[in-house]
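Colleague: Supplied structure: work_31.cif, mmCIF, C-alpha atoms.
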data_input
loop_
_atom_site.label_atom_id
_atom_site.label_comp_id
_atom_site.auth_asym_id
_atom_site.auth_seq_id
_atom_site.Cartn_x
_atom_site.Cartn_y
_atom_site.Cartn_z
CA MET A 4 -11.26 -1.89 21.19
CA THR A 5 -13.38 -1.86 18.04
CA LEU A 6 -14.46 1.38 16.37
CA ARG A 7 -16.38 2.20 13.22
CA ILE A 8 -14.48 4.84 11.23
CA ALA A 9 -15.90 6.38 8.06
CA SER A 10 -14.96 8.80 5.30
CA TYR A 11 -17.33 10.96 3.29
CA ASN A 12 -16.68 13.50 0.52
CA LEU A 13 -19.59 15.95 0.73
CA HIS A 14 -18.95 17.57 -2.67
CA LYS A 15 -19.79 20.90 -0.98
CA CYS A 16 -23.26 19.46 -0.23
CA VAL A 17 -24.13 19.36 -3.95
CA GLY A 18 -25.71 16.05 -4.91
CA SER A 19 -25.46 14.01 -8.06
CA ASP A 20 -28.75 15.65 -9.09
CA GLY A 21 -27.09 19.09 -9.00
CA ARG A 22 -28.99 20.25 -5.90
CA ARG A 23 -27.27 21.70 -2.84
CA ASP A 24 -28.94 20.15 0.18
CA PRO A 25 -26.99 20.03 3.47
CA GLU A 26 -29.87 18.23 5.20
CA ARG A 27 -29.35 15.21 2.94
CA ILE A 28 -25.67 15.20 3.84
CA ILE A 29 -26.53 15.17 7.55
CA ALA A 30 -28.89 12.23 6.99
CA VAL A 31 -26.11 10.25 5.30
CA ILE A 32 -23.64 11.13 8.08
CA ASN A 33 -26.10 9.78 10.64
CA ALA A 34 -26.78 6.66 8.57
CA LEU A 35 -23.07 5.76 8.64
CA GLN A 36 -23.44 5.04 12.38
CA ALA A 37 -19.72 5.70 12.82
CA ASP A 38 -17.70 6.62 15.89
CA VAL A 39 -15.37 8.87 13.89
CA ILE A 40 -15.97 10.41 10.46
CA ALA A 41 -13.44 12.17 8.23
CA LEU A 42 -15.20 14.62 5.93
CA GLN A 43 -13.88 16.19 2.75
CA GLU A 44 -15.10 19.23 0.75
CA VAL A 45 -17.01 20.73 3.67
CA ASP A 46 -16.13 24.21 2.38
CA ARG A 47 -16.60 25.90 -0.95
CA ARG A 48 -13.51 26.01 -3.11
CA MET A 49 -13.26 29.66 -4.13
CA GLY A 50 -12.85 33.04 -2.45
CA THR A 51 -12.78 32.96 1.34
CA ARG A 52 -13.69 29.24 1.34
CA PRO A 53 -17.01 29.67 3.22
CA ALA A 54 -18.54 26.61 4.84
CA ALA A 55 -20.86 24.52 2.68
CA LEU A 56 -22.07 22.59 5.73
CA ALA A 57 -23.17 24.66 8.70
CA GLN A 58 -21.75 23.96 12.15
CA LYS A 59 -25.27 24.47 13.55
CA LEU A 60 -26.56 21.47 11.60
CA ILE A 61 -23.85 19.25 13.05
CA ASP A 62 -24.62 20.53 16.54
CA THR A 63 -28.40 20.12 16.36
CA GLU A 64 -28.92 17.18 14.00
CA THR A 65 -26.09 14.76 14.89
CA ASP A 66 -24.38 13.21 17.89
CA PHE A 67 -20.97 14.42 16.67
CA GLU A 68 -18.56 17.15 17.74
CA ARG A 69 -16.14 19.05 15.56
CA HIS A 70 -13.91 20.02 18.51
CA ASP A 71 -11.45 22.89 18.11
CA MET A 72 -9.91 22.30 14.68
CA PRO A 73 -8.08 24.69 12.36
CA ARG A 74 -9.95 26.50 9.59
CA THR A 75 -8.67 27.65 6.21
CA GLY A 76 -10.49 30.95 6.54
CA PRO A 77 -12.71 32.84 8.99
CA ASP A 78 -15.89 31.56 7.30
CA SER A 79 -14.65 28.00 6.78
CA LEU A 80 -15.70 24.90 8.66
CA GLY A 81 -12.57 22.89 7.84
CA TRP A 82 -8.89 22.92 7.00
CA HIS A 83 -8.60 22.81 3.20
CA GLY A 84 -12.05 21.26 3.29
CA GLN A 85 -11.20 18.62 5.91
CA VAL A 86 -13.08 18.06 9.16
CA VAL A 87 -12.93 15.10 11.54
CA LEU A 88 -16.05 14.50 13.63
CA VAL A 89 -16.11 12.33 16.76
CA ARG A 90 -18.99 11.10 18.88
CA ARG A 91 -19.88 13.44 21.72
CA GLY A 92 -17.91 12.65 24.83
CA THR A 93 -14.92 11.17 22.97
CA ARG A 94 -11.64 12.76 24.01
CA VAL A 95 -9.53 14.50 21.38
CA LEU A 96 -6.00 14.91 22.72
CA GLY A 97 -4.64 17.05 19.89
CA VAL A 98 -5.07 18.25 16.32
CA GLU A 99 -2.33 19.13 13.85
CA ALA A 100 -3.10 20.97 10.63
CA ILE A 101 -0.89 19.78 7.77
CA THR A 102 -0.18 21.65 4.54
CA LEU A 103 0.49 19.04 1.88
CA PRO A 104 2.96 19.52 -1.01
CA GLY A 105 1.70 19.78 -4.57
CA LEU A 106 0.63 22.04 -7.40
CA GLU A 107 -2.81 22.83 -5.90
CA PRO A 108 -3.51 23.77 -2.26
CA ARG A 109 -4.19 20.63 -0.23
CA GLY A 110 -4.22 19.89 3.47
CA ALA A 111 -4.75 17.14 6.01
CA LEU A 112 -5.71 16.89 9.67
CA ALA A 113 -3.86 14.63 12.12
CA VAL A 114 -6.18 14.04 15.06
CA LYS A 115 -5.16 12.14 18.20
CA ILE A 116 -8.24 10.41 19.62
CA ALA A 117 -8.62 8.62 22.95
CA PRO A 118 -11.76 6.43 23.10
CA ASP A 119 -13.09 5.46 26.51
CA ASN A 120 -12.65 1.75 25.80
CA GLY A 121 -9.07 1.76 24.54
CA GLY A 122 -5.77 3.53 24.08
CA PRO A 123 -5.18 6.59 21.88
CA PHE A 124 -4.62 6.46 18.14
CA THR A 125 -3.91 9.01 15.44
CA LEU A 126 -6.24 9.50 12.49
CA VAL A 127 -5.11 11.46 9.44
CA GLY A 128 -8.01 12.75 7.36
CA ALA A 129 -6.96 13.77 3.85
CA HIS A 130 -8.16 14.67 0.38
CA LEU A 131 -5.22 14.17 -1.96
CA GLY A 132 -4.36 15.88 -5.23
CA LEU A 133 -5.37 15.07 -8.77
CA ARG A 134 -1.82 14.46 -10.02
CA ARG A 135 -0.11 11.21 -9.03
CA THR A 136 3.23 13.02 -8.70
CA ASP A 137 1.67 15.27 -6.07
CA ARG A 138 -0.04 12.36 -4.33
CA ARG A 139 3.24 10.48 -3.94
CA ALA A 140 4.78 13.51 -2.25
CA GLN A 141 1.67 13.90 -0.09
CA TRP A 142 1.88 10.26 0.97
CA THR A 143 5.49 10.75 1.99
CA ARG A 144 4.38 13.53 4.35
CA ILE A 145 1.43 11.55 5.71
CA ALA A 146 3.57 8.45 6.25
CA GLN A 147 5.94 10.57 8.35
CA LEU A 148 3.02 11.61 10.55
CA MET A 149 1.81 8.06 10.95
CA ARG A 150 5.26 6.75 11.85
CA ALA A 151 5.71 9.58 14.36
CA ALA A 152 2.58 8.39 16.20
CA HIS A 153 4.41 5.22 17.32
CA PRO A 154 4.04 3.48 19.76
CA HIS A 155 0.36 4.32 19.31
CA PRO A 156 -1.36 3.04 16.15
CA ALA A 157 -2.27 5.31 13.26
CA LEU A 158 -4.42 5.33 10.15
CA ALA A 159 -5.14 7.61 7.21
CA ILE A 160 -8.58 7.81 5.67
CA GLY A 161 -10.19 9.94 2.99
CA ASP A 162 -10.60 10.60 -0.70
CA PHE A 163 -7.20 9.69 -2.10
CA ASN A 164 -8.08 10.32 -5.77
CA GLU A 165 -6.21 7.19 -6.88
CA TRP A 166 -7.90 5.12 -9.59
CA ARG A 167 -5.29 2.38 -9.75
CA ASN A 168 -4.77 -0.43 -7.26
CA GLU A 169 -1.07 -0.98 -7.85
CA ARG A 170 0.13 2.60 -8.41
CA GLY A 171 0.54 5.69 -6.27
CA PHE A 172 1.15 4.05 -2.89
CA GLU A 173 4.82 3.20 -3.36
CA THR A 174 6.00 5.22 -0.36
CA LEU A 175 3.78 3.28 2.08
CA THR A 176 6.18 0.44 2.87
CA GLY A 177 5.07 -1.26 6.07
CA PHE A 178 1.49 0.06 5.83
CA HIS A 179 -1.61 -1.69 4.54
CA VAL A 180 -3.91 -0.08 1.95
CA HIS A 181 -7.60 -1.03 2.16
CA ALA A 182 -10.09 -0.30 -0.63
CA PRO A 183 -13.53 -0.97 0.93
CA GLY A 184 -15.34 -0.81 -2.41
CA ALA A 185 -16.42 1.32 -5.34
CA SER A 186 -17.70 4.69 -4.13
CA TYR A 187 -17.42 7.09 -7.09
CA PRO A 188 -19.41 8.37 -8.91
CA ALA A 189 -22.23 7.77 -6.45
CA ARG A 190 -25.01 7.15 -9.00
CA ALA A 191 -23.13 4.23 -10.59
CA PRO A 192 -19.89 3.74 -8.63
CA PHE A 193 -16.86 2.02 -10.10
CA GLY A 194 -13.89 4.04 -8.73
CA ARG A 195 -12.32 3.06 -5.38
CA LEU A 196 -11.15 6.57 -4.52
CA ASP A 197 -12.11 6.43 -0.83
CA ARG A 198 -9.65 4.25 1.06
CA VAL A 199 -8.01 3.51 4.39
CA VAL A 200 -4.30 3.08 5.14
CA THR A 201 -3.38 1.41 8.43
CA ALA A 202 -0.11 1.20 10.31
CA PRO A 203 0.91 -1.90 12.28
CA GLY A 204 -1.20 -2.31 15.41
CA LEU A 205 -4.56 -1.77 13.69
CA LEU A 206 -6.74 -4.50 12.19
CA VAL A 207 -9.61 -3.87 9.78
CA VAL A 208 -12.32 -6.30 10.86
CA ARG A 209 -14.90 -5.32 8.25
CA ALA A 210 -15.10 -2.70 5.50
CA GLY A 211 -17.70 -1.55 3.02
CA VAL A 212 -19.47 1.34 1.30
CA LEU A 213 -22.82 2.77 2.40
CA ASP A 214 -25.09 2.16 -0.58
CA THR A 215 -28.57 3.61 -0.13
CA PRO A 216 -30.85 5.59 -2.46
CA LEU A 217 -30.12 8.73 -0.42
CA ALA A 218 -26.33 8.21 -0.43
CA ARG A 219 -26.39 7.84 -4.20
CA VAL A 220 -27.92 11.27 -4.66
CA ALA A 221 -26.71 13.37 -1.69
CA SER A 222 -23.10 13.70 -2.94
CA ASP A 223 -20.94 12.44 -5.78
CA HIS A 224 -19.21 9.93 -3.42
#
Take the structure I supplied and represent it as structure tokens, if you would.
Modeller:
Amino acid sequence: MTLRIASYNLHKCVGSDGRRDPERIIAVINALQADVIALQEVDRRMGTRPAALAQKLIDTETDFERHDMPRTGPDSLGWHGQVVLVRRGTRVLGVEAITLPGLEPRGALAVKIAPDNGGPFTLVGAHLGLRRTDRRAQWTRIAQLMRAAHPHPALAIGDFNEWRNERGFETLTGFHVHAPGASYPARAPFGRLDRVVTAPGLLVVRAGVLDTPLARVASDH
């Protein structure tokens, strides 16, 4: 079984030019040509956390489904800004909403996915905190989830807010950290903030960053 799995921080649909344009975000999502996409910052940060990306756009302009996932608030699209989209027709066996430790409110989604051409696996979509102390504690929690998925494979993907290659991942003994490439800031990327962590049983065949004129302006990642 080979799947294309992607991560995208929408920056609340505000591009690097300062414009809020959800249609550009949808175009980038489609251009990724992924089977599963973990999205971050799909909701606005303040107040009731209303959705920045409308469910209707996903329904009408993409081939993805949101499925029945938890929401932070009644007007939100995601859980602490996280949403995992899967291609229509792909089975989702379960979703667990995780509250992550740390100074600022953060969350993750653990989604058990069963593709038609292979066995189930667990994907954890996350957007980790700005402080490394918090991120280490958050990784401890996420690693517990990934180990609990055994004997099925597991991975974590998202914006991990870690600038260093050799720091911040100390709790991930037995896992492999992949940094596909520089993805932030989008106009002139040099930070590898968007990464993938895989448990034994998963192999990354190819990895990279979508680099198009539209992707460089639609969001800050």
Colleague: Leaving out region 208-221 of chain A and any residue of its chain fewer than 3 positions from it, which residues lie within 12 Å of it when counting all atoms listed in the file, given as a PDB file with C-alpha atoms, keeping the file's coordinate frame?
Modeller:
ATOM      1  CA  MET A   4     -11.260  -1.890  21.190  1.00  0.00           C
ATOM      2  CA  THR A   5     -13.380  -1.860  18.040  1.00  0.00           C
ATOM      3  CA  LEU A   6     -14.460   1.380  16.370  1.00  0.00           C
ATOM      4  CA  ARG A   7     -16.380   2.200  13.220  1.00  0.00           C
ATOM      5  CA  ILE A   8     -14.480   4.840  11.230  1.00  0.00           C
ATOM      6  CA  ALA A   9     -15.900   6.380   8.060  1.00  0.00           C
ATOM      7  CA  SER A  10     -14.960   8.800   5.300  1.00  0.00           C
ATOM      8  CA  TYR A  11     -17.330  10.960   3.290  1.00  0.00           C
ATOM      9  CA  ASN A  12     -16.680  13.500   0.520  1.00  0.00           C
ATOM     10  CA  LEU A  13     -19.590  15.950   0.730  1.00  0.00           C
ATOM     11  CA  HIS A  14     -18.950  17.570  -2.670  1.00  0.00           C
ATOM     12  CA  LYS A  15     -19.790  20.900  -0.980  1.00  0.00           C
ATOM     13  CA  CYS A  16     -23.260  19.460  -0.230  1.00  0.00           C
ATOM     14  CA  VAL A  17     -24.130  19.360  -3.950  1.00  0.00           C
ATOM     15  CA  GLY A  18     -25.710  16.050  -4.910  1.00  0.00           C
ATOM     16  CA  SER A  19     -25.460  14.010  -8.060  1.00  0.00           C
ATOM     17  CA  ASP A  20     -28.750  15.650  -9.090  1.00  0.00           C
ATOM     18  CA  GLY A  21     -27.090  19.090  -9.000  1.00  0.00           C
ATOM     19  CA  ARG A  22     -28.990  20.250  -5.900  1.00  0.00           C
ATOM     20  CA  ARG A  23     -27.270  21.700  -2.840  1.00  0.00           C
ATOM     21  CA  ASP A  24     -28.940  20.150   0.180  1.00  0.00           C
ATOM     22  CA  PRO A  25     -26.990  20.030   3.470  1.00  0.00           C
ATOM     23  CA  GLU A  26     -29.870  18.230   5.200  1.00  0.00           C
ATOM     24  CA  ARG A  27     -29.350  15.210   2.940  1.00  0.00           C
ATOM     25  CA  ILE A  28     -25.670  15.200   3.840  1.00  0.00           C
ATOM     26  CA  ILE A  29     -26.530  15.170   7.550  1.00  0.00           C
ATOM     27  CA  ALA A  30     -28.890  12.230   6.990  1.00  0.00           C
ATOM     28  CA  VAL A  31     -26.110  10.250   5.300  1.00  0.00           C
ATOM     29  CA  ILE A  32     -23.640  11.130   8.080  1.00  0.00           C
ATOM     30  CA  ASN A  33     -26.100   9.780  10.640  1.00  0.00           C
ATOM     31  CA  ALA A  34     -26.780   6.660   8.570  1.00  0.00           C
ATOM     32  CA  LEU A  35     -23.070   5.760   8.640  1.00  0.00           C
ATOM     33  CA  GLN A  36     -23.440   5.040  12.380  1.00  0.00           C
ATOM     34  CA  ALA A  37     -19.720   5.700  12.820  1.00  0.00           C
ATOM     35  CA  HIS A 181      -7.600  -1.030   2.160  1.00  0.00           C
ATOM     36  CA  ALA A 182     -10.090  -0.300  -0.630  1.00  0.00           C
ATOM     37  CA  PRO A 183     -13.530  -0.970   0.930  1.00  0.00           C
ATOM     38  CA  GLY A 184     -15.340  -0.810  -2.410  1.00  0.00           C
ATOM     39  CA  ALA A 185     -16.420   1.320  -5.340  1.00  0.00           C
ATOM     40  CA  SER A 186     -17.700   4.690  -4.130  1.00  0.00           C
ATOM     41  CA  TYR A 187     -17.420   7.090  -7.090  1.00  0.00           C
ATOM     42  CA  PRO A 188     -19.410   8.370  -8.910  1.00  0.00           C
ATOM     43  CA  ALA A 189     -22.230   7.770  -6.450  1.00  0.00           C
ATOM     44  CA  ARG A 190     -25.010   7.150  -9.000  1.00  0.00           C
ATOM     45  CA  ALA A 191     -23.130   4.230 -10.590  1.00  0.00           C
ATOM     46  CA  PRO A 192     -19.890   3.740  -8.630  1.00  0.00           C
ATOM     47  CA  PHE A 193     -16.860   2.020 -10.100  1.00  0.00           C
ATOM     48  CA  GLY A 194     -13.890   4.040  -8.730  1.00  0.00           C
ATOM     49  CA  ARG A 195     -12.320   3.060  -5.380  1.00  0.00           C
ATOM     50  CA  LEU A 196     -11.150   6.570  -4.520  1.00  0.00           C
ATOM     51  CA  ASP A 197     -12.110   6.430  -0.830  1.00  0.00           C
ATOM     52  CA  ARG A 198      -9.650   4.250   1.060  1.00  0.00           C
ATOM     53  CA  VAL A 199      -8.010   3.510   4.390  1.00  0.00           C
ATOM     54  CA  LEU A 205      -4.560  -1.770  13.690  1.00  0.00           C
ATOM     55  CA  HIS A 224     -19.210   9.930  -3.420  1.00  0.00           C
TER      56      HIS A 224
END
Colleague: Please return, as a list of chain:residue names, all polymer residues that have at least one atom within 12 Å of the point (0.0, 14.4, -7.3); use all atoms listed in the file and the file's own coordinate frame.
Modeller: A:Leu103, A:Pro104, A:Gly105, A:Leu106, A:Glu107, A:Pro108, A:Arg109, A:His130, A:Leu131, A:Gly132, A:Leu133, A:Arg134, A:Arg135, A:Thr136, A:Asp137, A:Arg138, A:Arg139, A:Ala140, A:Gln141, A:Trp142, A:Thr143, A:Phe163, A:Asn164, A:Glu165, A:Arg170, A:Gly171, A:Phe172
Colleague: Compile the contact shell of Thr176 (chain A) as a list in words: residues with an atom at most 12 Å away, counting all atoms listed in the file, same-chain residues fewer than 6 positions apart removed.
Modeller: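 In the requested format, the answer is Trp142, Thr143, Ala146, Gln147, Met149, Arg150, Val200, Thr201, Ala202 and Pro203 of chain A.
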Colleague: Please compute the CA of Pro53 (chain A)-CA of Pro73 (chain A) distance, one decimal, in Å.
Modeller: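 CA of Pro73 (chain A) lies 13.7 Å from CA of Pro53 (chain A).
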Colleague: Name the closest residue to Asp223 (chain A) among the candidates A:Leu175, A:Asp78, A:Leu88, A:Glu44; distances are taken between atoms, counting only C-alpha atoms.
Modeller: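 Between A:Leu175, A:Asp78, A:Leu88, A:Glu44, the residue approaching Asp223 (chain A) most closely is A:Glu44.
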Colleague: Separation of CA of Ile116 (chain A) and CA of Arg91 (chain A), in Å?
Modeller: 12.2 Å
Colleague: Go ahead and compute the interatomic distance for CA of Ile101 (chain A) and CA of Arg69 (chain A), in Å to one decimal.
Modeller: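 Interatomic distance here is 17.1 Å.
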Colleague: If I only have part of region 81-103 of chain A, can you fill in N, CA, C and O atoms and write it as a compact mmCIF listing (two decimals), in the coordinates of the input?
Modeller:
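Dumped everything to out-v1.txt:
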# COMPACT_ATOMS: atom_id res chain seq x y z
N GLY A 81 -13.68 23.84 7.77
CA GLY A 81 -12.57 22.89 7.84
C GLY A 81 -11.24 23.47 7.40
O GLY A 81 -11.12 24.64 7.03
N TRP A 82 -10.25 22.60 7.43
CA TRP A 82 -8.89 22.92 7.00
C TRP A 82 -8.70 22.35 5.61
O TRP A 82 -8.66 21.15 5.42
N HIS A 83 -8.62 23.23 4.60
CA HIS A 83 -8.60 22.81 3.20
C HIS A 83 -9.73 21.82 2.91
O HIS A 83 -9.56 20.84 2.18
N GLY A 84 -10.88 22.09 3.52
CA GLY A 84 -12.05 21.26 3.29
C GLY A 84 -12.17 20.04 4.17
O GLY A 84 -13.14 19.29 4.05
N GLN A 85 -11.19 19.82 5.07
CA GLN A 85 -11.20 18.62 5.91
C GLN A 85 -11.75 18.93 7.30
O GLN A 85 -11.37 19.92 7.92
N VAL A 86 -12.60 18.02 7.78
CA VAL A 86 -13.08 18.06 9.16
C VAL A 86 -13.13 16.62 9.66
O VAL A 86 -13.49 15.71 8.90
N VAL A 87 -12.78 16.41 10.91
CA VAL A 87 -12.93 15.10 11.54
C VAL A 87 -13.94 15.25 12.67
O VAL A 87 -13.74 16.06 13.59
N LEU A 88 -15.03 14.48 12.60
CA LEU A 88 -16.05 14.50 13.63
C LEU A 88 -15.92 13.27 14.52
O LEU A 88 -15.64 12.18 14.03
N VAL A 89 -16.13 13.45 15.81
CA VAL A 89 -16.11 12.33 16.76
C VAL A 89 -17.40 12.35 17.57
O VAL A 89 -18.04 13.40 17.74
N ARG A 90 -17.80 11.19 18.04
CA ARG A 90 -18.99 11.10 18.88
C ARG A 90 -18.84 11.98 20.11
O ARG A 90 -17.75 12.08 20.68
N ARG A 91 -19.91 12.59 20.53
CA ARG A 91 -19.88 13.44 21.72
C ARG A 91 -19.37 12.66 22.92
O ARG A 91 -19.76 11.51 23.15
N GLY A 92 -18.48 13.28 23.66
CA GLY A 92 -17.91 12.65 24.83
C GLY A 92 -16.58 11.97 24.58
O GLY A 92 -15.87 11.61 25.52
N THR A 93 -16.20 11.79 23.30
CA THR A 93 -14.92 11.17 22.97
C THR A 93 -13.81 12.21 23.12
O THR A 93 -13.93 13.33 22.65
N ARG A 94 -12.74 11.82 23.77
CA ARG A 94 -11.64 12.76 24.01
C ARG A 94 -10.78 12.94 22.76
O ARG A 94 -10.40 11.96 22.11
N VAL A 95 -10.49 14.17 22.43
CA VAL A 95 -9.53 14.50 21.38
C VAL A 95 -8.32 15.14 22.07
O VAL A 95 -8.42 16.21 22.67
N LEU A 96 -7.18 14.47 21.98
CA LEU A 96 -6.00 14.91 22.72
C LEU A 96 -5.19 15.97 21.97
O LEU A 96 -4.40 16.68 22.59
N GLY A 97 -5.39 16.06 20.65
CA GLY A 97 -4.64 17.05 19.89
C GLY A 97 -4.99 17.01 18.42
O GLY A 97 -5.44 15.98 17.92
N VAL A 98 -4.81 18.14 17.75
CA VAL A 98 -5.07 18.25 16.32
C VAL A 98 -3.92 19.00 15.68
O VAL A 98 -3.51 20.06 16.17
N GLU A 99 -3.40 18.45 14.60
CA GLU A 99 -2.33 19.13 13.85
C GLU A 99 -2.80 19.37 12.42
O GLU A 99 -3.24 18.43 11.73
N ALA A 100 -2.74 20.62 12.00
CA ALA A 100 -3.10 20.97 10.63
C ALA A 100 -1.87 20.83 9.74
O ALA A 100 -0.82 21.40 10.03
N ILE A 101 -2.01 20.08 8.65
CA ILE A 101 -0.89 19.78 7.77
C ILE A 101 -1.13 20.44 6.41
O ILE A 101 -2.20 20.29 5.82
N THR A 102 -0.16 21.17 5.92
CA THR A 102 -0.18 21.65 4.54
C THR A 102 0.58 20.64 3.69
O THR A 102 1.76 20.36 3.93
N LEU A 103 -0.10 20.08 2.70
CA LEU A 103 0.49 19.04 1.88
C LEU A 103 1.16 19.63 0.65
O LEU A 103 0.69 20.63 0.09
